[in-house]
Amino acid sequence: MDSTAESIAAAPLPTQRTLRMRRNVPFQLLRFAAINLRMAGVILRGHK
Amino acid sequence: MARVVILGAGVAGHTAALHLRRWLGREHEVVVVSPNSKWNWIPSNIWVGVGRMTRSQVTFPLAPVYRRKGITFHQALATTLFPEGTADDPTPAVEIRSTAPDTAGETSRLTYDYLVNATGPRLNFAATPGLGPDGNSLSVCTDSHAEHTAGELKAVIAKLRAGEPQRLVIGTGHGTCTCEGAAFEYTFNVEHELRAAGVRDKAEVVYLSNEYELGDFGVGGLTFTERGFTTSSRTWTESLFRERDVKAIVRAHVQKVEPGVIHYEQLDGSEHELPFDFAMLLPPFRGADLTAYDRDGNDITSRMFAPNGFLKVDADYTARPYEEWSAKDWPSTYESAAYPNIFAPGIAFAPPHGISVPRKSPNGTVIAPAPPRTGMPAGITARAVASTIRDRITQGQQAPAHHASMAHMGAACVASAGTGFTQGTAAAMTMYPVVPDREAFPATGRDPRGTSGEIGLAGHWIKAILHYLFIYKAKARPLWFLIPE
């Protein structure tokens with residue numbers, strides 16, 4: 001293994017709360033809307 | 001009456017065919033030539049590869065769709081181009097060899113007014129000895145490869161359940177591969193499956209990649225803002241590897257794959273062996289094996305195509321050092337440099353250079369990702385090409401070309417990290433532009449407002465919805481054209 005192993009070991013580890021929020025359905029519904037809006041912006045820009 | 005011949009029925013070819021048929025009157029003919037009888041939504045092959053989807057869920061037969069839309073379909077492989085026609089007939093033509101079961105091997109010639117080379121990639125397993133399903137590793141590049149790989153994964157899980165430790169290696173099988181995102185997705189979907197099967201503790205999952213660092217994805221990595229901080233896709237990706245306990249080997253070129261052992265070289269010139277129980281390694285891509293002749297029968301293949309088999313288009317192919325690469329080098333009309341009635345959208349065009357920094361080992365081995373052109377860029381470039389052809393047919397040859405440079409195009413990418421309506425996760429990323437433009441955005445080459453990344457269940461929902469949405473669009477169901485590329 002190269003130095004990537006050390007980099008991974010030093011990478012920020014999400015907290016339990018962050019991991020819960022990543023699968024929290026109501027919160028993710030909001031994120032779903034936000035990500036879609038963001039993607040729509042990029043897509044519209046790309047289709048000009 | 002004009003005839004447009006489209007070689008290939010992947011994202012680019014199929015998109016061009018459907019739009020042209022929608023725009024052009026029935027006096028004009030749209031012809032598709034594809035060696036495959038089915039359309040495949042390739043991004044979902046990773047789910048076939050873990051046994052969460054069947055082949056029939058990611059494919060459908062092309063012939064009924066083309067019959068319904070009035071598109072002529074030849075199940076055949078294009079072999080030879082005659083862009084100036086022949087001494088007997090100056091009409092441009094392409095020679096095709098049938099791959100349909102009842103006429104397999106029969107050759108014929110199709111004349112054309114416009115030709116769209118959307119042949120996509122040829123999976124170049126031969127570049128690495130022992131690579132691929134006919135060798136000693138697995139693939140998820142096609143639906144049949146993915147189905148076979150799912151069976152092998154099931155066998156590995158059975159061994160893990162029996163208490164036998166297993167090492168699963170997933171990644172790129174050559175120093176010049178592209179599609180690192182697909183390898184990343186398959187890695188985390190496998191990890192997710194191992195966890196769901198209750199055998200994660202006995203399995204070692206290793207991601208083996210030609211990227212210089214994690215999070216490069218062949219686009220030189222991304223920089224985005226998160227909670228008031230500027231962060232990189234490297235930090236973000238390493239965090240996911242740490243969280244899911246996946247090991248990584250980067251800067252690697254696989255030299256050969258022997259039964260149960262991968263031999264690889266790293267950028268520092270060191271050579272290593274990695275024993276494995278399961279290895280899914282993506283191949284590098286080449287262009288289709290097309291040869292071309294001028295009217296006098298002289299071979300002009302090297303004039304039309306780059307050495308890697310991709311068609312030379314309106315890019316600036318002048319060899320320059322990385323520091324002098326410019327967003328302006330990238331093509332925008334995808335017109336052949338040699339013949340203006342030939343186009344190559346999607347993967348089929350020869351990129352002027354990479355996006356990631358080019359690097360070589362002390363042994364001279366190139367270890368740098370090739371630039372991705374799949375998915376959204378393939379669809380957008382195909383639509384631009386179709387628009388140009390439509391205008392030239394309806395308004396005349398002088399009609400200006402439509403432009404769709406990857407240096408002025410954003411992309412939305414959703415990389416699955418595990419499936420399930422409530423248990424799935426995916427990394428949802430956006431970038432603008434795909435090819436960094438250091439003049440327009442000096443800091444990172446990309447607009448921070450259009451570049452983002454987020455991990456969560458919402459990303460999985462989007463990936464799942466895109467699966468159904470794009471298959472709906474590809475089947476040309478009512479109002480399909482409202483779904484953007």
# chains A, B, ... in the order shown; residues from 1 in each chain; ligands from 1
$ interface_residues --of "chain A" --to "chain B" --cutoff "6 Å" --atoms "only C-alpha atoms" --output "VMD selection string"
chain A and resid 8 11 to 13 22 to 23 28 32 39 42 46
$ write_last_selection --atoms "N, CA, C and O atoms" --output "PDB file, in the first residue's frame"
ATOM      1  N   ILE A   8      -6.218   8.191   4.003  1.00  0.00           N
ATOM      2  CA  ILE A   8      -7.573   7.739   4.351  1.00  0.00           C
ATOM      3  C   ILE A   8      -7.733   7.718   5.878  1.00  0.00           C
ATOM      4  O   ILE A   8      -8.745   8.181   6.409  1.00  0.00           O
ATOM      5  N   ALA A  11      -8.440  11.113   7.101  1.00  0.00           N
ATOM      6  CA  ALA A  11      -9.591  11.830   6.516  1.00  0.00           C
ATOM      7  C   ALA A  11     -10.672  12.067   7.566  1.00  0.00           C
ATOM      8  O   ALA A  11     -10.787  11.297   8.523  1.00  0.00           O
ATOM      9  N   PRO A  12     -11.448  13.134   7.398  1.00  0.00           N
ATOM     10  CA  PRO A  12     -12.518  13.395   8.377  1.00  0.00           C
ATOM     11  C   PRO A  12     -13.533  12.252   8.409  1.00  0.00           C
ATOM     12  O   PRO A  12     -13.949  11.764   7.353  1.00  0.00           O
ATOM     13  N   LEU A  13     -13.863  11.831   9.612  1.00  0.00           N
ATOM     14  CA  LEU A  13     -14.824  10.733   9.775  1.00  0.00           C
ATOM     15  C   LEU A  13     -16.174  11.336  10.135  1.00  0.00           C
ATOM     16  O   LEU A  13     -16.263  12.127  11.083  1.00  0.00           O
ATOM     17  N   ARG A  22     -27.826  11.405   6.863  1.00  0.00           N
ATOM     18  CA  ARG A  22     -27.691  10.965   5.463  1.00  0.00           C
ATOM     19  C   ARG A  22     -28.775   9.958   5.093  1.00  0.00           C
ATOM     20  O   ARG A  22     -29.009   9.716   3.915  1.00  0.00           O
ATOM     21  N   ARG A  23     -29.394   9.349   6.085  1.00  0.00           N
ATOM     22  CA  ARG A  23     -30.459   8.384   5.785  1.00  0.00           C
ATOM     23  C   ARG A  23     -31.788   8.773   6.427  1.00  0.00           C
ATOM     24  O   ARG A  23     -32.712   7.968   6.458  1.00  0.00           O
ATOM     25  N   GLN A  28     -33.696  14.026   4.035  1.00  0.00           N
ATOM     26  CA  GLN A  28     -33.230  13.702   2.684  1.00  0.00           C
ATOM     27  C   GLN A  28     -34.237  14.147   1.617  1.00  0.00           C
ATOM     28  O   GLN A  28     -33.849  14.419   0.482  1.00  0.00           O
ATOM     29  N   PHE A  32     -33.165  16.186  -1.405  1.00  0.00           N
ATOM     30  CA  PHE A  32     -33.567  15.728  -2.745  1.00  0.00           C
ATOM     31  C   PHE A  32     -34.002  16.931  -3.591  1.00  0.00           C
ATOM     32  O   PHE A  32     -33.579  17.102  -4.742  1.00  0.00           O
ATOM     33  N   MET A  39     -28.923  20.554  -9.743  1.00  0.00           N
ATOM     34  CA  MET A  39     -28.642  19.831 -10.992  1.00  0.00           C
ATOM     35  C   MET A  39     -29.370  20.469 -12.167  1.00  0.00           C
ATOM     36  O   MET A  39     -28.818  20.566 -13.268  1.00  0.00           O
ATOM     37  N   VAL A  42     -27.378  23.330 -13.461  1.00  0.00           N
ATOM     38  CA  VAL A  42     -26.214  22.897 -14.252  1.00  0.00           C
ATOM     39  C   VAL A  42     -26.656  22.365 -15.613  1.00  0.00           C
ATOM     40  O   VAL A  42     -26.047  22.651 -16.648  1.00  0.00           O
ATOM     41  N   GLY A  46     -25.850  23.786 -19.296  1.00  0.00           N
ATOM     42  CA  GLY A  46     -25.185  22.924 -20.276  1.00  0.00           C
ATOM     43  C   GLY A  46     -25.948  22.791 -21.578  1.00  0.00           C
ATOM     44  O   GLY A  46     -25.397  22.374 -22.586  1.00  0.00           O
TER      45      GLY A  46
END
$ select_by_dssp --residues "region 74-258 of chain B" --states "helix (DSSP H, G or I)" --output "number ranges by chain"
B: 125-127, 143-161, 180-196, 200-202, 233-244
$ residues_around --residues "region 150-155 of chain B" --least-positions-apart "3" --cutoff "8 Å" --atoms "only C-alpha atoms" --output "tab-separated table (two decimals) with C-alpha atoms, in the first residue's frame"
chain	number	residue	atom	x	y	z
B	48	VAL	CA	-26.93	-5.97	-12.11
B	49	GLY	CA	-23.37	-6.70	-10.98
B	50	VAL	CA	-24.45	-7.00	-7.34
B	51	GLY	CA	-27.62	-8.95	-8.16
B	146	ALA	CA	-22.51	-7.72	-15.00
B	147	GLU	CA	-24.78	-10.73	-14.68
B	158	ALA	CA	-21.08	-17.94	0.24
B	159	LYS	CA	-17.39	-18.50	1.03
B	278	PHE	CA	-12.63	-11.55	-6.69
$ atom_distance --atom1 "CA of Glu273 (chain B)" --atom2 "CA of Val205 (chain B)"
15.9 Å
$ closest_atom_pairs --of "region 123-241 of chain B" --to "region 331-353 of chain B" --cutoff "12 Å" --atoms "only C-alpha atoms" --output "tab-separated table"
residue	atom	partner	partner_atom	distance
B:Leu123	CA	B:Ile347	CA	11.9
B:Thr178	CA	B:Ile347	CA	10.8
B:Cys179	CA	B:Ile347	CA	11.4
B:Gly218	CA	B:His353	CA	11.8
B:Val219	CA	B:His353	CA	11.7
$ write_last_selection --atoms "all heavy atoms" --output "compact mmCIF listing (two decimals), in the first residue's frame"
# COMPACT_ATOMS: atom_id res chain seq x y z
N LEU B 123 -14.23 -2.03 -25.80
CA LEU B 123 -13.65 -2.42 -24.51
C LEU B 123 -12.33 -3.13 -24.79
O LEU B 123 -12.32 -4.25 -25.29
CB LEU B 123 -14.63 -3.33 -23.75
CG LEU B 123 -16.03 -2.74 -23.53
CD1 LEU B 123 -16.95 -3.75 -22.89
CD2 LEU B 123 -15.97 -1.45 -22.72
N THR B 178 -10.58 5.05 -18.25
CA THR B 178 -11.48 6.13 -17.87
C THR B 178 -12.60 5.49 -17.02
O THR B 178 -12.48 4.34 -16.62
CB THR B 178 -12.01 6.87 -19.12
OG1 THR B 178 -12.79 7.97 -18.69
CG2 THR B 178 -12.84 5.98 -20.00
N CYS B 179 -13.66 6.21 -16.73
CA CYS B 179 -14.80 5.67 -15.97
C CYS B 179 -14.42 5.21 -14.57
O CYS B 179 -14.92 4.19 -14.07
CB CYS B 179 -15.46 4.51 -16.72
SG CYS B 179 -16.57 5.09 -18.00
N GLY B 218 -11.05 11.21 -13.15
CA GLY B 218 -10.72 11.50 -14.55
C GLY B 218 -10.98 12.93 -14.96
O GLY B 218 -10.77 13.30 -16.12
N VAL B 219 -11.46 13.74 -14.01
CA VAL B 219 -11.72 15.15 -14.34
C VAL B 219 -10.81 16.07 -13.51
O VAL B 219 -11.09 17.25 -13.34
CB VAL B 219 -13.22 15.53 -14.12
CG1 VAL B 219 -14.09 14.80 -15.12
CG2 VAL B 219 -13.67 15.26 -12.69
$ select_by_dssp --residues "region 172-300 of chain B" --states "strand (DSSP E)" --output "PDB file with C-alpha atoms, in the first residue's frame"
ATOM      1  CA  THR B 172      -9.221   0.023 -13.285  1.00  0.00           C
ATOM      2  CA  ALA B 203     -13.941  -9.378   3.593  1.00  0.00           C
ATOM      3  CA  GLU B 204     -11.158  -7.046   2.553  1.00  0.00           C
ATOM      4  CA  VAL B 205     -12.334  -4.569  -0.094  1.00  0.00           C
ATOM      5  CA  VAL B 206      -9.594  -2.876  -2.126  1.00  0.00           C
ATOM      6  CA  TYR B 207     -10.086  -0.104  -4.699  1.00  0.00           C
ATOM      7  CA  LEU B 208      -7.276  -0.171  -7.274  1.00  0.00           C
ATOM      8  CA  THR B 223     -13.265  21.721  -5.472  1.00  0.00           C
ATOM      9  CA  PHE B 224     -16.447  22.829  -3.804  1.00  0.00           C
ATOM     10  CA  THR B 225     -17.756  24.727  -0.842  1.00  0.00           C
ATOM     11  CA  GLU B 226     -19.245  22.895   2.115  1.00  0.00           C
ATOM     12  CA  PHE B 229     -15.182  25.767   3.803  1.00  0.00           C
ATOM     13  CA  THR B 230     -13.587  25.023   0.478  1.00  0.00           C
ATOM     14  CA  THR B 231     -13.033  21.299   0.275  1.00  0.00           C
ATOM     15  CA  SER B 232     -11.839  18.861  -2.367  1.00  0.00           C
ATOM     16  CA  LYS B 247      -8.612   0.223   1.235  1.00  0.00           C
ATOM     17  CA  ALA B 248      -7.244   2.043  -1.782  1.00  0.00           C
ATOM     18  CA  ILE B 249      -4.258   1.741  -4.073  1.00  0.00           C
ATOM     19  CA  ALA B 252      -1.518   2.094 -10.439  1.00  0.00           C
ATOM     20  CA  HIS B 253      -1.197   0.544 -13.879  1.00  0.00           C
ATOM     21  CA  VAL B 254      -2.229  -3.103 -14.021  1.00  0.00           C
ATOM     22  CA  GLN B 255       0.439  -4.959 -16.016  1.00  0.00           C
ATOM     23  CA  LYS B 256      -1.260  -8.352 -16.102  1.00  0.00           C
ATOM     24  CA  VAL B 257      -3.867 -10.403 -14.321  1.00  0.00           C
ATOM     25  CA  GLU B 258      -2.983 -13.996 -13.561  1.00  0.00           C
ATOM     26  CA  VAL B 261      -2.963 -12.372  -8.726  1.00  0.00           C
ATOM     27  CA  ILE B 262      -2.879  -8.824 -10.101  1.00  0.00           C
ATOM     28  CA  HIS B 263       0.515  -7.470 -11.124  1.00  0.00           C
ATOM     29  CA  TYR B 264       0.719  -3.703 -11.122  1.00  0.00           C
ATOM     30  CA  GLU B 265       3.174  -0.853 -11.409  1.00  0.00           C
ATOM     31  CA  GLN B 266       2.871   2.454  -9.588  1.00  0.00           C
ATOM     32  CA  GLU B 271       6.081  -3.167  -9.094  1.00  0.00           C
ATOM     33  CA  HIS B 272       3.725  -5.151  -6.888  1.00  0.00           C
ATOM     34  CA  GLU B 273       1.591  -8.278  -6.735  1.00  0.00           C
ATOM     35  CA  LEU B 274      -1.876  -8.269  -5.234  1.00  0.00           C
ATOM     36  CA  PRO B 275      -3.516 -11.669  -4.600  1.00  0.00           C
ATOM     37  CA  PHE B 278     -12.628 -11.546  -6.686  1.00  0.00           C
ATOM     38  CA  ALA B 279     -11.464  -8.860  -9.109  1.00  0.00           C
ATOM     39  CA  MET B 280     -13.665  -6.530 -11.161  1.00  0.00           C
ATOM     40  CA  LEU B 281     -11.357  -4.366 -13.245  1.00  0.00           C
ATOM     41  CA  LEU B 282     -12.547  -2.013 -15.972  1.00  0.00           C
ATOM     42  CA  PHE B 285     -11.332   2.205 -24.111  1.00  0.00           C
ATOM     43  CA  ARG B 286     -10.431   2.352 -27.801  1.00  0.00           C
ATOM     44  CA  THR B 291     -10.899   1.774 -41.635  1.00  0.00           C
ATOM     45  CA  ALA B 292     -11.356   4.463 -44.271  1.00  0.00           C
TER      46      ALA B 292
END
